[in-house]
Amino acid sequence: MKLLVTGAAGFIGAALSHRLLDRGDEVVGLDNLNDYYDVSLKEARLARLTERDGFTFVKLDVADREGMERLFREHRFDAVMHLAAQAGVRYSLENPHAYVDANLVGFVNVLEGCRHGGVGHLVFASSSSVYGANTRLPFSEHDNVDHPVSLYAATKKANELMAHTYAHLYGLPCTGLRFFTVYGPWGRPDMALFKFTRLMLEDKPIPVFNRGEMVRDFTYIDDIIEGVVRVIDRPPEPDPSWSGDRPDPATSYAPWRIFNIGNSRPVKLMRYIEVLEQCLGRKAKMELLPMQPGDVKATQADTTELRNAVGYAPSTPIEEGVARFVSWYRDHYRV
């Protein structure tokens with residue numbers, strides 16, 4: 001197949017591009033290489049991709065309407081994996097306009113490109129953050145998610161609704177994936193594991209929010225990518241049992257689906273830090289801080305639907321995943 005991967009220089013986007021190339025697909029990778037975090041890390045991910053046959057890089061911002069229209073005119077994509085977004089819950093409190101530009105304007109440009117380009121399947125990144133104020137665990141796609149606690153989460157919920165509109169109006173098959181705390185080699189520097197590792201190796205205190213009373217569904221990158229690839233190959237079909245009298249938030253009469261994609265084995269933050277200490281061979285100095293605005297205490301994915309649909313079965317324990325990250329970090333940064 002010929003696929004467009006937006007956010008191809010990002011953590012998940014680069015890993016997905018490699019996996020698609022491994023199986024013989026042609027990949028057009030799009031990224032604007034913005035400076036939300038260290039651009040040299042994005043460039044290093046991209047350098048590994050551009051060495052490979054079948055990969056074409058396009059430097060472009062998804063919010064660039066004319067540029068996106070031109071891209072979809074020049075290429076005929078079988079499927080689109082839309083990962084480009086302004087990420088980060090905390091940053092959305094400081095720079096809300098970045099989220100409107102990338103996550104709303106950019107998403108419309110992708111939808112329009114798919115519509116006019118005859119794309120067979122749009123798979124897009126949603127987020128576990130859409131569960132917002134929900135407290136019943138594990139989080140299920142069948143639960144209502146109308147109470148976001150950050151603008152980032154609100155834009156991701158908006159993406160799900162926008163995609164449904166295009167599935168309804170134009171028959172565009174759309175699948176939204178709610179990612180749960182992805183970690184691993186080549187990860188994002190603003191995520192806890194990367195940040196904690198850097199600070200601990202510099203013998204500096206790590207910021208531990210809600211005084212460590214946090215639980216996360218940490219999911220290893222390889223497990224995530226396996227699930228994403230399986231989803232790409234399975235465009236959604238209308239659910240004949242869907243009823244407007246009892247609307248199911250996870251499915252539709254249109255070709256549209258929402259899936260959780262996580263590990264389903266929540267881990268206490270303090271245990272995560274303990275494993276990292278073991279892998280680094282040093283104790284963490286902790287700065288215990290209150291809960292941050294926009295954050296949630298616990299996440300856990302119910303992945304029953306994804307398992308039933310594509311056989312999704314994550315298998316990497318944090319002990320193994322964190323060790324692989326630390327090994328990559330020491331090698332990449334020569335620490």
# chains A, B, ... in the order shown; residues from 1 in each chain; ligands from 1
call {"tool": "closest_atom_pairs", "arguments": {"of": "range 244-314 of chain A", "to": "range 220-226 of chain A", "cutoff": "12 Å", "atoms": "only C-alpha atoms", "output": "JSON lines"}}
result
{"residue": "A:Asn260", "atom": "CA", "partner": "A:Ile224", "partner_atom": "CA", "distance": 10.6}
{"residue": "A:Ile261", "atom": "CA", "partner": "A:Ile224", "partner_atom": "CA", "distance": 6.9}
{"residue": "A:Gly262", "atom": "CA", "partner": "A:Ile224", "partner_atom": "CA", "distance": 7.2}
{"residue": "A:Asn263", "atom": "CA", "partner": "A:Tyr220", "partner_atom": "CA", "distance": 7.8}
{"residue": "A:Ser264", "atom": "CA", "partner": "A:Tyr220", "partner_atom": "CA", "distance": 11.5}
{"residue": "A:Arg265", "atom": "CA", "partner": "A:Tyr220", "partner_atom": "CA", "distance": 11.4}
{"residue": "A:Thr303", "atom": "CA", "partner": "A:Ile224", "partner_atom": "CA", "distance": 11.8}
{"residue": "A:Leu306", "atom": "CA", "partner": "A:Ile224", "partner_atom": "CA", "distance": 11.5}
{"residue": "A:Arg307", "atom": "CA", "partner": "A:Glu226", "partner_atom": "CA", "distance": 11.8}
{"residue": "A:Val310", "atom": "CA", "partner": "A:Glu226", "partner_atom": "CA", "distance": 10.0}
{"residue": "A:Gly311", "atom": "CA", "partner": "A:Glu226", "partner_atom": "CA", "distance": 10.0}
{"residue": "A:Tyr312", "atom": "CA", "partner": "A:Glu226", "partner_atom": "CA", "distance": 7.7}
{"residue": "A:Ala313", "atom": "CA", "partner": "A:Asp223", "partner_atom": "CA", "distance": 7.6}
{"residue": "A:Pro314", "atom": "CA", "partner": "A:Asp223", "partner_atom": "CA", "distance": 5.0}
call {"tool": "write_last_selection", "arguments": {"atoms": "N, CA and C atoms", "output": "CSV table (one decimal), in the first residue's frame"}}
result
chain,number,residue,atom,x,y,z
A,260,ASN,N,-9.7,2.0,22.4
A,260,ASN,CA,-8.6,2.2,23.3
A,260,ASN,C,-7.4,1.4,22.8
A,261,ILE,N,-6.2,1.9,23.0
A,261,ILE,CA,-5.0,1.1,22.7
A,261,ILE,C,-4.0,1.4,23.8
A,262,GLY,N,-4.0,0.5,24.7
A,262,GLY,CA,-3.1,0.6,25.9
A,262,GLY,C,-2.7,-0.8,26.4
A,263,ASN,N,-2.1,-0.8,27.6
A,263,ASN,CA,-1.5,-2.1,28.1
A,263,ASN,C,-2.5,-2.9,28.9
A,264,SER,N,-3.5,-2.1,29.5
A,264,SER,CA,-4.5,-2.7,30.4
A,264,SER,C,-4.0,-3.2,31.7
A,265,ARG,N,-2.7,-2.9,32.0
A,265,ARG,CA,-2.1,-3.3,33.3
A,265,ARG,C,-1.6,-2.0,34.0
A,303,THR,N,-9.3,-2.8,26.8
A,303,THR,CA,-8.9,-3.0,25.4
A,303,THR,C,-9.7,-4.2,24.8
A,306,LEU,N,-10.6,-3.8,21.0
A,306,LEU,CA,-9.5,-3.9,20.1
A,306,LEU,C,-9.0,-5.3,20.0
A,307,ARG,N,-9.0,-6.0,21.1
A,307,ARG,CA,-8.6,-7.4,21.1
A,307,ARG,C,-9.6,-8.3,20.2
A,310,VAL,N,-9.1,-7.0,16.3
A,310,VAL,CA,-7.8,-7.3,15.5
A,310,VAL,C,-6.9,-8.2,16.2
A,311,GLY,N,-7.3,-8.8,17.4
A,311,GLY,CA,-6.4,-9.7,18.1
A,311,GLY,C,-5.3,-9.0,18.9
A,312,TYR,N,-5.5,-7.7,19.2
A,312,TYR,CA,-4.5,-6.9,19.9
A,312,TYR,C,-4.2,-7.6,21.3
A,313,ALA,N,-2.9,-7.8,21.5
A,313,ALA,CA,-2.5,-8.4,22.8
A,313,ALA,C,-1.1,-7.9,23.2
A,314,PRO,N,-1.0,-6.7,23.9
A,314,PRO,CA,0.3,-6.2,24.4
A,314,PRO,C,0.9,-7.2,25.3
call {"tool": "select_by_dssp", "arguments": {"residues": "range 65-239 of chain A", "states": "strand (DSSP E)", "output": "ChimeraX atom specification"}}
result
/A:79-82,121-127,174-179,182-183,206-208,215-216,219-220
call {"tool": "residues_around", "arguments": {"residues": "range 248-253 of chain A", "least_positions_apart": "5", "cutoff": "6 Å", "atoms": "only C-alpha atoms", "output": "PDB file with all heavy atoms, in the first residue's frame"}}
result
ATOM      1  N   GLU A 141     -14.568   2.514  25.810  1.00  0.00           N
ATOM      2  CA  GLU A 141     -15.006   3.334  24.681  1.00  0.00           C
ATOM      3  C   GLU A 141     -16.518   3.546  24.691  1.00  0.00           C
ATOM      4  O   GLU A 141     -17.028   4.471  24.056  1.00  0.00           O
ATOM      5  CB  GLU A 141     -14.637   2.664  23.343  1.00  0.00           C
ATOM      6  CG  GLU A 141     -13.162   2.355  23.183  1.00  0.00           C
ATOM      7  CD  GLU A 141     -12.843   0.922  23.546  1.00  0.00           C
ATOM      8  OE1 GLU A 141     -13.519   0.357  24.443  1.00  0.00           O
ATOM      9  OE2 GLU A 141     -11.910   0.355  22.948  1.00  0.00           O
ATOM     10  N   HIS A 142     -17.212   2.703  25.402  1.00  0.00           N
ATOM     11  CA  HIS A 142     -18.677   2.801  25.441  1.00  0.00           C
ATOM     12  C   HIS A 142     -19.156   3.826  26.476  1.00  0.00           C
ATOM     13  O   HIS A 142     -20.349   4.098  26.566  1.00  0.00           O
ATOM     14  CB  HIS A 142     -19.283   1.423  25.735  1.00  0.00           C
ATOM     15  CG  HIS A 142     -18.878   0.388  24.727  1.00  0.00           C
ATOM     16  ND1 HIS A 142     -19.365   0.368  23.445  1.00  0.00           N
ATOM     17  CD2 HIS A 142     -18.000  -0.643  24.809  1.00  0.00           C
ATOM     18  CE1 HIS A 142     -18.818  -0.641  22.779  1.00  0.00           C
ATOM     19  NE2 HIS A 142     -17.983  -1.265  23.586  1.00  0.00           N
ATOM     20  N   PRO A 238     -20.082  -0.005   8.981  1.00  0.00           N
ATOM     21  CA  PRO A 238     -21.223   0.427   9.794  1.00  0.00           C
ATOM     22  C   PRO A 238     -21.674  -0.686  10.739  1.00  0.00           C
ATOM     23  O   PRO A 238     -21.634  -1.870  10.390  1.00  0.00           O
ATOM     24  CB  PRO A 238     -22.296   0.737   8.749  1.00  0.00           C
ATOM     25  CG  PRO A 238     -21.529   1.057   7.499  1.00  0.00           C
ATOM     26  CD  PRO A 238     -20.321   0.168   7.534  1.00  0.00           C
ATOM     27  N   ASP A 239     -22.090  -0.293  11.934  1.00  0.00           N
ATOM     28  CA  ASP A 239     -22.593  -1.245  12.928  1.00  0.00           C
ATOM     29  C   ASP A 239     -24.109  -1.365  12.750  1.00  0.00           C
ATOM     30  O   ASP A 239     -24.844  -0.432  13.066  1.00  0.00           O
ATOM     31  CB  ASP A 239     -22.254  -0.747  14.331  1.00  0.00           C
ATOM     32  CG  ASP A 239     -22.770  -1.667  15.435  1.00  0.00           C
ATOM     33  OD1 ASP A 239     -23.374  -2.718  15.104  1.00  0.00           O
ATOM     34  OD2 ASP A 239     -22.580  -1.329  16.616  1.00  0.00           O
ATOM     35  N   TRP A 242     -26.391  -0.502  15.752  1.00  0.00           N
ATOM     36  CA  TRP A 242     -26.339   0.822  16.382  1.00  0.00           C
ATOM     37  C   TRP A 242     -27.735   1.437  16.375  1.00  0.00           C
ATOM     38  O   TRP A 242     -28.467   1.369  15.386  1.00  0.00           O
ATOM     39  CB  TRP A 242     -25.359   1.727  15.644  1.00  0.00           C
ATOM     40  CG  TRP A 242     -25.010   2.976  16.403  1.00  0.00           C
ATOM     41  CD1 TRP A 242     -23.977   3.137  17.271  1.00  0.00           C
ATOM     42  CD2 TRP A 242     -25.700   4.230  16.352  1.00  0.00           C
ATOM     43  NE1 TRP A 242     -23.969   4.412  17.774  1.00  0.00           N
ATOM     44  CE2 TRP A 242     -25.025   5.111  17.238  1.00  0.00           C
ATOM     45  CE3 TRP A 242     -26.815   4.686  15.673  1.00  0.00           C
ATOM     46  CZ2 TRP A 242     -25.433   6.424  17.445  1.00  0.00           C
ATOM     47  CZ3 TRP A 242     -27.232   5.995  15.876  1.00  0.00           C
ATOM     48  CH2 TRP A 242     -26.543   6.846  16.753  1.00  0.00           C
ATOM     49  N   ILE A 258     -14.093   3.833  17.390  1.00  0.00           N
ATOM     50  CA  ILE A 258     -13.144   4.335  18.373  1.00  0.00           C
ATOM     51  C   ILE A 258     -12.618   3.145  19.171  1.00  0.00           C
ATOM     52  O   ILE A 258     -13.405   2.299  19.617  1.00  0.00           O
ATOM     53  CB  ILE A 258     -13.806   5.350  19.334  1.00  0.00           C
ATOM     54  CG1 ILE A 258     -14.231   6.610  18.576  1.00  0.00           C
ATOM     55  CG2 ILE A 258     -12.850   5.708  20.479  1.00  0.00           C
ATOM     56  CD1 ILE A 258     -13.100   7.444  18.020  1.00  0.00           C
TER      57      ILE A 258
END
call {"tool": "residues_around", "arguments": {"residues": "Lys268 in chain A", "least_positions_apart": "4", "cutoff": "7 Å", "atoms": "only C-alpha atoms", "output": "list in words"}}
result
Met214, Val215, Arg216 and Tyr272 of chain A
call {"tool": "select_by_dssp", "arguments": {"residues": "range 175-269 of chain A", "states": "helix (DSSP H, G or I)", "output": "list in words"}}
result
Ala192, Leu193, Phe194, Lys195, Phe196, Thr197, Arg198, Leu199, Met200, Leu201, Phe209, Asn210, Arg211, Gly212, Ile221, Asp222, Asp223, Ile224, Ile225, Glu226, Gly227, Val228, Val229, Arg230, Val231, Ile232 and Leu269 of chain A
call {"tool": "write_last_selection", "arguments": {"atoms": "N, CA, C and O atoms", "output": "mmCIF file, in the first residue's frame"}}
result
data_model
loop_
_atom_site.group_PDB
_atom_site.id
_atom_site.type_symbol
_atom_site.label_atom_id
_atom_site.label_comp_id
_atom_site.auth_asym_id
_atom_site.auth_seq_id
_atom_site.Cartn_x
_atom_site.Cartn_y
_atom_site.Cartn_z
ATOM 1 N N ALA A 192 7.331 11.430 31.107
ATOM 2 C CA ALA A 192 7.942 11.172 32.408
ATOM 3 C C ALA A 192 9.223 10.343 32.330
ATOM 4 O O ALA A 192 10.240 10.700 32.930
ATOM 5 N N LEU A 193 9.205 9.236 31.600
ATOM 6 C CA LEU A 193 10.364 8.341 31.591
ATOM 7 C C LEU A 193 11.610 9.038 31.066
ATOM 8 O O LEU A 193 12.696 8.931 31.649
ATOM 9 N N PHE A 194 11.463 9.770 29.981
ATOM 10 C CA PHE A 194 12.590 10.497 29.378
ATOM 11 C C PHE A 194 13.098 11.566 30.351
ATOM 12 O O PHE A 194 14.300 11.681 30.609
ATOM 13 N N LYS A 195 12.165 12.319 30.889
ATOM 14 C CA LYS A 195 12.526 13.413 31.795
ATOM 15 C C LYS A 195 13.197 12.879 33.067
ATOM 16 O O LYS A 195 14.227 13.394 33.516
ATOM 17 N N PHE A 196 12.615 11.828 33.648
ATOM 18 C CA PHE A 196 13.175 11.248 34.872
ATOM 19 C C PHE A 196 14.578 10.701 34.623
ATOM 20 O O PHE A 196 15.492 10.884 35.441
ATOM 21 N N THR A 197 14.766 10.024 33.508
ATOM 22 C CA THR A 197 16.072 9.438 33.194
ATOM 23 C C THR A 197 17.135 10.531 33.075
ATOM 24 O O THR A 197 18.221 10.431 33.649
ATOM 25 N N ARG A 198 16.803 11.581 32.335
ATOM 26 C CA ARG A 198 17.762 12.680 32.145
ATOM 27 C C ARG A 198 18.149 13.310 33.477
ATOM 28 O O ARG A 198 19.333 13.510 33.764
ATOM 29 N N LEU A 199 17.130 13.607 34.294
ATOM 30 C CA LEU A 199 17.392 14.284 35.568
ATOM 31 C C LEU A 199 18.160 13.382 36.542
ATOM 32 O O LEU A 199 19.077 13.842 37.233
ATOM 33 N N MET A 200 17.813 12.112 36.588
ATOM 34 C CA MET A 200 18.502 11.196 37.501
ATOM 35 C C MET A 200 19.965 11.028 37.110
ATOM 36 O O MET A 200 20.848 10.971 37.969
ATOM 37 N N LEU A 201 20.251 10.966 35.812
ATOM 38 C CA LEU A 201 21.644 10.836 35.367
ATOM 39 C C LEU A 201 22.432 12.118 35.615
ATOM 40 O O LEU A 201 23.660 12.084 35.712
ATOM 41 N N PHE A 209 4.401 14.486 40.620
ATOM 42 C CA PHE A 209 3.138 15.184 40.865
ATOM 43 C C PHE A 209 2.148 14.331 41.656
ATOM 44 O O PHE A 209 2.213 13.100 41.660
ATOM 45 N N ASN A 210 1.246 15.043 42.330
ATOM 46 C CA ASN A 210 0.291 14.430 43.252
ATOM 47 C C ASN A 210 1.004 13.566 44.287
ATOM 48 O O ASN A 210 0.473 12.567 44.763
ATOM 49 N N ARG A 211 2.253 13.973 44.586
ATOM 50 C CA ARG A 211 3.095 13.294 45.575
ATOM 51 C C ARG A 211 3.205 11.792 45.312
ATOM 52 O O ARG A 211 3.269 10.976 46.227
ATOM 53 N N GLY A 212 3.194 11.457 44.016
ATOM 54 C CA GLY A 212 3.382 10.059 43.633
ATOM 55 C C GLY A 212 2.118 9.232 43.578
ATOM 56 O O GLY A 212 2.143 8.079 43.129
ATOM 57 N N ILE A 221 6.094 0.924 23.168
ATOM 58 C CA ILE A 221 5.929 1.371 21.784
ATOM 59 C C ILE A 221 5.697 0.220 20.802
ATOM 60 O O ILE A 221 4.844 0.313 19.907
ATOM 61 N N ASP A 222 6.420 -0.893 20.938
ATOM 62 C CA ASP A 222 6.253 -2.000 19.985
ATOM 63 C C ASP A 222 4.849 -2.590 20.054
ATOM 64 O O ASP A 222 4.281 -3.000 19.033
ATOM 65 N N ASP A 223 4.289 -2.659 21.261
ATOM 66 C CA ASP A 223 2.921 -3.169 21.424
ATOM 67 C C ASP A 223 1.923 -2.228 20.752
ATOM 68 O O ASP A 223 0.962 -2.667 20.114
ATOM 69 N N ILE A 224 2.157 -0.924 20.911
ATOM 70 C CA ILE A 224 1.298 0.072 20.278
ATOM 71 C C ILE A 224 1.334 -0.070 18.758
ATOM 72 O O ILE A 224 0.285 -0.111 18.087
ATOM 73 N N ILE A 225 2.532 -0.156 18.204
ATOM 74 C CA ILE A 225 2.688 -0.192 16.744
ATOM 75 C C ILE A 225 2.030 -1.431 16.154
ATOM 76 O O ILE A 225 1.389 -1.366 15.101
ATOM 77 N N GLU A 226 2.163 -2.557 16.816
ATOM 78 C CA GLU A 226 1.520 -3.773 16.326
ATOM 79 C C GLU A 226 0.010 -3.583 16.234
ATOM 80 O O GLU A 226 -0.625 -3.977 15.249
ATOM 81 N N GLY A 227 -0.563 -2.952 17.255
ATOM 82 C CA GLY A 227 -1.997 -2.691 17.236
ATOM 83 C C GLY A 227 -2.403 -1.721 16.136
ATOM 84 O O GLY A 227 -3.409 -1.929 15.450
ATOM 85 N N VAL A 228 -1.610 -0.673 15.949
ATOM 86 C CA VAL A 228 -1.917 0.340 14.928
ATOM 87 C C VAL A 228 -1.908 -0.283 13.531
ATOM 88 O O VAL A 228 -2.822 -0.055 12.734
ATOM 89 N N VAL A 229 -0.893 -1.088 13.237
ATOM 90 C CA VAL A 229 -0.791 -1.708 11.915
ATOM 91 C C VAL A 229 -1.993 -2.614 11.641
ATOM 92 O O VAL A 229 -2.554 -2.615 10.542
ATOM 93 N N ARG A 230 -2.389 -3.359 12.644
ATOM 94 C CA ARG A 230 -3.549 -4.239 12.469
ATOM 95 C C ARG A 230 -4.818 -3.425 12.190
ATOM 96 O O ARG A 230 -5.656 -3.831 11.384
ATOM 97 N N VAL A 231 -4.940 -2.290 12.847
ATOM 98 C CA VAL A 231 -6.117 -1.434 12.637
ATOM 99 C C VAL A 231 -6.115 -0.840 11.230
ATOM 100 O O VAL A 231 -7.163 -0.782 10.569
ATOM 101 N N ILE A 232 -4.957 -0.387 10.763
ATOM 102 C CA ILE A 232 -4.863 0.198 9.426
ATOM 103 C C ILE A 232 -5.426 -0.766 8.384
ATOM 104 O O ILE A 232 -6.104 -0.365 7.437
ATOM 105 N N LEU A 269 2.847 5.106 39.764
ATOM 106 C CA LEU A 269 3.990 5.919 39.355
ATOM 107 C C LEU A 269 5.228 5.584 40.185
ATOM 108 O O LEU A 269 6.345 5.521 39.651
#
call {"tool": "closest_atom_pairs", "arguments": {"of": "range 162-202 of chain A", "to": "range 34-37 of chain A", "cutoff": "10 Å", "atoms": "only C-alpha atoms", "output": "JSON lines"}}
result
{"residue": "A:Arg188", "atom": "CA", "partner": "A:Tyr37", "partner_atom": "CA", "distance": 7.8}
{"residue": "A:Pro189", "atom": "CA", "partner": "A:Tyr37", "partner_atom": "CA", "distance": 6.8}
{"residue": "A:Asp190", "atom": "CA", "partner": "A:Tyr37", "partner_atom": "CA", "distance": 7.2}
call {"tool": "decode", "arguments": {"residues": "range 92-103 of chain A", "atoms": "all heavy atoms", "output": "compact mmCIF listing (two decimals), in the first residue's frame"}}
result
# COMPACT_ATOMS: atom_id res chain seq x y z
N SER A 92 -0.84 22.86 26.86
CA SER A 92 -2.11 23.44 26.38
C SER A 92 -2.62 24.53 27.32
O SER A 92 -3.44 25.36 26.93
CB SER A 92 -3.17 22.36 26.20
OG SER A 92 -3.60 21.81 27.43
N LEU A 93 -2.13 24.55 28.55
CA LEU A 93 -2.50 25.62 29.48
C LEU A 93 -1.74 26.91 29.15
O LEU A 93 -2.20 28.01 29.45
CB LEU A 93 -2.20 25.21 30.92
CG LEU A 93 -2.80 23.88 31.41
CD1 LEU A 93 -2.40 23.61 32.85
CD2 LEU A 93 -4.31 23.88 31.27
N GLU A 94 -0.57 26.75 28.53
CA GLU A 94 0.29 27.91 28.24
C GLU A 94 0.07 28.46 26.83
O GLU A 94 0.20 29.66 26.61
CB GLU A 94 1.77 27.51 28.38
CG GLU A 94 2.14 26.92 29.73
CD GLU A 94 3.48 26.21 29.68
OE1 GLU A 94 4.29 26.51 28.76
OE2 GLU A 94 3.74 25.36 30.55
N ASN A 95 -0.21 27.58 25.88
CA ASN A 95 -0.26 27.99 24.48
C ASN A 95 -1.47 27.38 23.78
O ASN A 95 -1.32 26.53 22.89
CB ASN A 95 1.04 27.57 23.78
CG ASN A 95 1.21 28.25 22.44
OD1 ASN A 95 0.32 28.94 21.95
ND2 ASN A 95 2.37 28.06 21.82
N PRO A 96 -2.68 27.78 24.16
CA PRO A 96 -3.89 27.14 23.61
C PRO A 96 -4.03 27.28 22.10
O PRO A 96 -4.56 26.39 21.43
CB PRO A 96 -5.03 27.86 24.34
CG PRO A 96 -4.45 29.14 24.84
CD PRO A 96 -3.02 28.84 25.13
N HIS A 97 -3.55 28.39 21.52
CA HIS A 97 -3.73 28.60 20.08
C HIS A 97 -2.99 27.56 19.25
O HIS A 97 -3.42 27.23 18.13
CB HIS A 97 -3.28 30.01 19.70
CG HIS A 97 -4.14 31.08 20.30
ND1 HIS A 97 -5.42 31.33 19.87
CD2 HIS A 97 -3.92 31.95 21.32
CE1 HIS A 97 -5.95 32.30 20.58
NE2 HIS A 97 -5.07 32.70 21.47
N ALA A 98 -1.88 27.03 19.78
CA ALA A 98 -1.14 26.00 19.05
C ALA A 98 -2.01 24.76 18.85
O ALA A 98 -1.89 24.06 17.83
CB ALA A 98 0.13 25.63 19.82
N TYR A 99 -2.89 24.50 19.80
CA TYR A 99 -3.76 23.31 19.73
C TYR A 99 -4.91 23.52 18.74
O TYR A 99 -5.33 22.58 18.07
CB TYR A 99 -4.29 22.98 21.14
CG TYR A 99 -3.17 22.49 22.03
CD1 TYR A 99 -2.26 23.40 22.58
CD2 TYR A 99 -2.98 21.15 22.27
CE1 TYR A 99 -1.20 22.97 23.35
CE2 TYR A 99 -1.93 20.70 23.05
CZ TYR A 99 -1.04 21.61 23.59
OH TYR A 99 0.02 21.17 24.33
N VAL A 100 -5.38 24.74 18.65
CA VAL A 100 -6.42 25.05 17.66
C VAL A 100 -5.85 24.90 16.25
O VAL A 100 -6.45 24.27 15.37
CB VAL A 100 -6.98 26.47 17.88
CG1 VAL A 100 -7.93 26.85 16.75
CG2 VAL A 100 -7.69 26.55 19.23
N ASP A 101 -4.65 25.44 16.04
CA ASP A 101 -4.03 25.39 14.71
C ASP A 101 -3.73 23.96 14.27
O ASP A 101 -4.12 23.54 13.18
CB ASP A 101 -2.74 26.22 14.69
CG ASP A 101 -2.99 27.70 14.89
OD1 ASP A 101 -4.14 28.14 14.69
OD2 ASP A 101 -2.04 28.42 15.27
N ALA A 102 -3.03 23.22 15.11
CA ALA A 102 -2.59 21.88 14.72
C ALA A 102 -3.70 20.84 14.81
O ALA A 102 -3.89 20.04 13.90
CB ALA A 102 -1.41 21.45 15.59
N ASN A 103 -4.44 20.88 15.92
CA ASN A 103 -5.36 19.77 16.21
C ASN A 103 -6.75 19.96 15.62
O ASN A 103 -7.48 18.98 15.46
CB ASN A 103 -5.47 19.55 17.72
CG ASN A 103 -4.12 19.22 18.36
OD1 ASN A 103 -3.10 19.24 17.69
ND2 ASN A 103 -4.13 18.90 19.63
